[in-house]
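A quick write-up on the structure given underneath.
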Amino acid sequence: MIFPGWQDTTRLTMGVLSSDLTTRVVNVIVNEIESWQKRLLTVSCSTSQAFNTAAIGEIVRSCSLLAFEVIYQLQDDIFSALEEMHLTSNEVATLVVEELAEFNIVTDYSTFADHFAPIITQYQATLNSYVDLIGQKLGNILDTGDDLPERTQSCMAAKFRKISNSC
């Protein structure tokens with residue numbers, strides 16, 4: 001495989017970006033919960049009503065689940081592209097080995113480069129297209145990082161308002 005170091009770097013980059021995004025989402029969740037504690041002091045609900053740990057737990061669970069499903073899907077997209085790249089690389093490597101087995105290097109050494117140049121060119125072009133695709137998918141994590149924490153906060157705030165309005 002031509003790009004094993006590149007694939008390792010991709011996985012590392014994905015891990016760092018995902019970890020950063022996860023940390024930002026968790027911080028939003030924690031900050032939102034802390035803000036609820038302050039707001040609960042100003043909301044008067046009977047003890048039998050909305051603000052109990054089960055209701056708050058359901059808000060956290062449902063909104064965080066939505067956020068982490070997005071992160072999981074972004075990671076899965078990258079792993080799928082890496083797997084496709086690996087399979088394509090193996091297919092081309094097998095093709096090259098089969099061609100080498102049939103090529104008589106002793107008698108045809110002068111045409112060796114011409115014979116294999118198109119295969120290598122196609123191989124490199126295919127892998128480069130995967131590099132571009134995976135780069136775009138890594139960019140998707142960055143793009144999602146711009147709004148996923150805010151979407152998580154909005155989800156939690158809306159559900160909190162719904163409960164507080166029922167008081």
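Identifiers in the structure tokens: chain A, B, ... in order shown; residue index from 1 per chain; ligand index from 1 in order shown.
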Per-residue DSSP, segment 11-86 of chain A, filtered to helix (DSSP H, G or I), as a ChimeraX atom specification: /A:11-40,53-86
Non-local contacts of Thr152 of chain A (10 Å; only C-alpha atoms; under 5 positions in same chain excluded) as number ranges by chain: A: 25-26, 28-29, 32, 60, 62-68, 147, 157-158
Would you save the residues of that selection, restricted to N, CA, C and O atoms, as a compact mmCIF listing (two decimals), in the first residue's frame?
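Below is the file selection01.txt, written as the result:
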# COMPACT_ATOMS: atom_id res chain seq x y z
N VAL A 25 -18.86 19.50 23.03
CA VAL A 25 -20.26 19.13 23.25
C VAL A 25 -20.49 18.84 24.74
O VAL A 25 -21.48 19.30 25.32
N VAL A 26 -19.58 18.09 25.35
CA VAL A 26 -19.73 17.78 26.78
C VAL A 26 -19.69 19.07 27.61
O VAL A 26 -20.49 19.22 28.56
N VAL A 28 -20.67 22.01 26.70
CA VAL A 28 -21.97 22.66 26.51
C VAL A 28 -23.02 22.00 27.41
O VAL A 28 -23.82 22.69 28.05
N ILE A 29 -23.02 20.68 27.45
CA ILE A 29 -23.99 19.95 28.28
C ILE A 29 -23.80 20.32 29.75
O ILE A 29 -24.77 20.65 30.45
N GLU A 32 -24.89 23.91 30.37
CA GLU A 32 -26.34 24.03 30.32
C GLU A 32 -26.97 23.51 31.61
O GLU A 32 -27.87 24.13 32.17
N VAL A 60 -30.81 15.46 28.97
CA VAL A 60 -29.38 15.26 28.71
C VAL A 60 -29.18 14.06 27.78
O VAL A 60 -28.42 14.12 26.81
N SER A 62 -31.29 12.57 25.59
CA SER A 62 -31.78 12.70 24.21
C SER A 62 -30.94 13.69 23.40
O SER A 62 -30.61 13.42 22.24
N CYS A 63 -30.58 14.82 23.99
CA CYS A 63 -29.81 15.81 23.24
C CYS A 63 -28.36 15.37 23.03
O CYS A 63 -27.81 15.58 21.95
N SER A 64 -27.77 14.73 24.02
CA SER A 64 -26.39 14.27 23.84
C SER A 64 -26.36 13.09 22.87
O SER A 64 -25.41 12.97 22.08
N LEU A 65 -27.37 12.25 22.89
CA LEU A 65 -27.43 11.13 21.95
C LEU A 65 -27.46 11.64 20.51
O LEU A 65 -26.74 11.12 19.65
N LEU A 66 -28.23 12.68 20.25
CA LEU A 66 -28.28 13.26 18.91
C LEU A 66 -26.90 13.76 18.49
O LEU A 66 -26.45 13.52 17.36
N ALA A 67 -26.22 14.44 19.40
CA ALA A 67 -24.89 14.98 19.08
C ALA A 67 -23.89 13.87 18.82
O ALA A 67 -23.12 13.91 17.85
N PHE A 68 -23.89 12.86 19.66
CA PHE A 68 -22.88 11.81 19.51
C PHE A 68 -23.19 10.88 18.34
O PHE A 68 -22.27 10.28 17.77
N ASP A 147 -21.05 24.08 14.57
CA ASP A 147 -22.43 24.27 15.04
C ASP A 147 -22.98 23.14 15.93
O ASP A 147 -24.01 23.33 16.54
N ALA A 157 -31.87 23.58 25.76
CA ALA A 157 -32.59 24.78 26.20
C ALA A 157 -34.07 24.68 25.83
O ALA A 157 -34.95 25.04 26.63
N ALA A 158 -34.36 24.19 24.63
CA ALA A 158 -35.76 24.06 24.21
C ALA A 158 -36.51 23.07 25.09
O ALA A 158 -37.65 23.32 25.50
Hey, what's within 10 Å of Arg24 of chain A if we count only C-alpha atoms and toss same-chain stuff fewer than 4 positions away? As a VMD selection string, please? chain A and resid 18 to 20 28 to 30 145 148 to 150
Kindly export the residues of the current selection with N, CA and C atoms, as a short mmCIF file (atom, residue, chain, number, x, y, z; two decimals), in the first residue's frame.
data_model
loop_
_atom_site.label_atom_id
_atom_site.label_comp_id
_atom_site.auth_asym_id
_atom_site.auth_seq_id
_atom_site.Cartn_x
_atom_site.Cartn_y
_atom_site.Cartn_z
N SER A 18 -12.25 14.64 16.54
CA SER A 18 -13.44 14.08 17.21
C SER A 18 -13.37 14.30 18.72
N SER A 19 -12.19 14.14 19.28
CA SER A 19 -12.02 14.35 20.71
C SER A 19 -12.31 15.81 21.07
N ASP A 20 -11.79 16.73 20.27
CA ASP A 20 -12.05 18.15 20.50
C ASP A 20 -13.55 18.45 20.41
N VAL A 28 -20.67 22.01 26.70
CA VAL A 28 -21.97 22.66 26.51
C VAL A 28 -23.02 22.00 27.41
N ILE A 29 -23.02 20.68 27.45
CA ILE A 29 -23.99 19.95 28.28
C ILE A 29 -23.80 20.32 29.75
N VAL A 30 -22.56 20.31 30.21
CA VAL A 30 -22.28 20.65 31.62
C VAL A 30 -22.69 22.09 31.90
N GLY A 145 -18.13 20.88 13.84
CA GLY A 145 -17.68 21.48 15.10
C GLY A 145 -18.10 22.93 15.23
N LEU A 148 -22.33 22.00 16.02
CA LEU A 148 -22.88 20.91 16.82
C LEU A 148 -23.01 21.28 18.30
N PRO A 149 -22.01 21.90 18.91
CA PRO A 149 -22.21 22.30 20.32
C PRO A 149 -23.41 23.23 20.49
N GLU A 150 -23.56 24.16 19.57
CA GLU A 150 -24.69 25.10 19.66
C GLU A 150 -26.02 24.38 19.44
#
Hey, can you check how far atom CA of Leu21 of chain A sits from atom CA of Lys137 of chain A? 14.5 Å
I'd like the contact shell of Thr88 of chain A - 9 Å cut-off, only C-alpha atoms, skipping same-chain residues fewer than 6 positions apart - returned as a list of chain:residue names.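 Surrounding residues, per the criterion: A:Tyr123, A:Thr126, A:Leu127.
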Atoms to include: C-alpha atoms. Write the selected residues as a short mmCIF file (atom, residue, chain, number, x, y, z; two decimals), in the first residue's frame.
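Result file follows (part-v2.cif):
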data_model
loop_
_atom_site.label_atom_id
_atom_site.label_comp_id
_atom_site.auth_asym_id
_atom_site.auth_seq_id
_atom_site.Cartn_x
_atom_site.Cartn_y
_atom_site.Cartn_z
CA TYR A 123 -3.34 3.49 -9.12
CA THR A 126 -7.34 6.45 -7.65
CA LEU A 127 -5.57 6.74 -4.31
#
Determine, counting only C-alpha atoms, which protein, DNA and RNA residues have an atom within 9 Å of an atom of segment 139-144 of chain A; residues of the same chain fewer than 5 positions away are not included. Present the result as a PDB file with N, CA, C and O atoms, in the first residue's frame.
ATOM      1  N   MET A  14      -8.415  12.385  12.716  1.00  0.00           N
ATOM      2  CA  MET A  14      -9.826  12.173  13.008  1.00  0.00           C
ATOM      3  C   MET A  14     -10.033  12.058  14.521  1.00  0.00           C
ATOM      4  O   MET A  14     -10.969  12.633  15.069  1.00  0.00           O
ATOM      5  N   LEU A  17      -9.632  15.568  16.112  1.00  0.00           N
ATOM      6  CA  LEU A  17     -10.786  16.419  15.795  1.00  0.00           C
ATOM      7  C   LEU A  17     -12.045  15.942  16.521  1.00  0.00           C
ATOM      8  O   LEU A  17     -12.813  16.756  17.053  1.00  0.00           O
ATOM      9  N   SER A  18     -12.254  14.638  16.542  1.00  0.00           N
ATOM     10  CA  SER A  18     -13.438  14.078  17.210  1.00  0.00           C
ATOM     11  C   SER A  18     -13.365  14.302  18.716  1.00  0.00           C
ATOM     12  O   SER A  18     -14.380  14.619  19.352  1.00  0.00           O
ATOM     13  N   LEU A  21     -14.190  17.916  19.378  1.00  0.00           N
ATOM     14  CA  LEU A  21     -15.629  18.145  19.201  1.00  0.00           C
ATOM     15  C   LEU A  21     -16.419  17.534  20.359  1.00  0.00           C
ATOM     16  O   LEU A  21     -17.335  18.170  20.900  1.00  0.00           O
ATOM     17  N   VAL A  70     -24.169  12.092  15.498  1.00  0.00           N
ATOM     18  CA  VAL A  70     -23.558  12.867  14.410  1.00  0.00           C
ATOM     19  C   VAL A  70     -22.052  12.603  14.372  1.00  0.00           C
ATOM     20  O   VAL A  70     -21.478  12.340  13.309  1.00  0.00           O
ATOM     21  N   ILE A  71     -21.405  12.656  15.532  1.00  0.00           N
ATOM     22  CA  ILE A  71     -19.953  12.412  15.597  1.00  0.00           C
ATOM     23  C   ILE A  71     -19.639  10.997  15.137  1.00  0.00           C
ATOM     24  O   ILE A  71     -18.708  10.783  14.354  1.00  0.00           O
ATOM     25  N   LEU A  74     -19.854  10.780  11.338  1.00  0.00           N
ATOM     26  CA  LEU A  74     -18.698  11.412  10.698  1.00  0.00           C
ATOM     27  C   LEU A  74     -17.481  10.484  10.736  1.00  0.00           C
ATOM     28  O   LEU A  74     -16.766  10.337   9.741  1.00  0.00           O
ATOM     29  N   GLN A  75     -17.254   9.853  11.888  1.00  0.00           N
ATOM     30  CA  GLN A  75     -16.137   8.915  12.010  1.00  0.00           C
ATOM     31  C   GLN A  75     -16.350   7.694  11.126  1.00  0.00           C
ATOM     32  O   GLN A  75     -15.413   7.228  10.463  1.00  0.00           O
ATOM     33  N   ILE A 134     -11.250  11.749   1.615  1.00  0.00           N
ATOM     34  CA  ILE A 134     -11.053  11.657   3.068  1.00  0.00           C
ATOM     35  C   ILE A 134     -10.746  13.037   3.646  1.00  0.00           C
ATOM     36  O   ILE A 134     -11.213  13.370   4.741  1.00  0.00           O
ATOM     37  N   PRO A 149     -22.009  21.904  18.915  1.00  0.00           N
ATOM     38  CA  PRO A 149     -22.214  22.297  20.322  1.00  0.00           C
ATOM     39  C   PRO A 149     -23.407  23.235  20.493  1.00  0.00           C
ATOM     40  O   PRO A 149     -24.198  23.071  21.439  1.00  0.00           O
TER      41      PRO A 149
END
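Around Leu82 of chain A, within 8 Å and counting only C-alpha atoms, the residues found are Gln7, Ile78, His86, Tyr130 and Ile134 of chain A, once anything fewer than 4 positions away on its own chain is removed.
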In Å to one decimal, how far is atom CA of Trp6 of chain A from atom CA of Ser89 of chain A?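 Spanning atom CA of Ser89 of chain A to atom CA of Trp6 of chain A is a straight-line distance of 13.4 Å.
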Kindly give the distance, in Å, that separates atom CA of Glu69 of chain A and atom CA of Leu87 of chain A, rounded to a single decimal. 26.4 Å
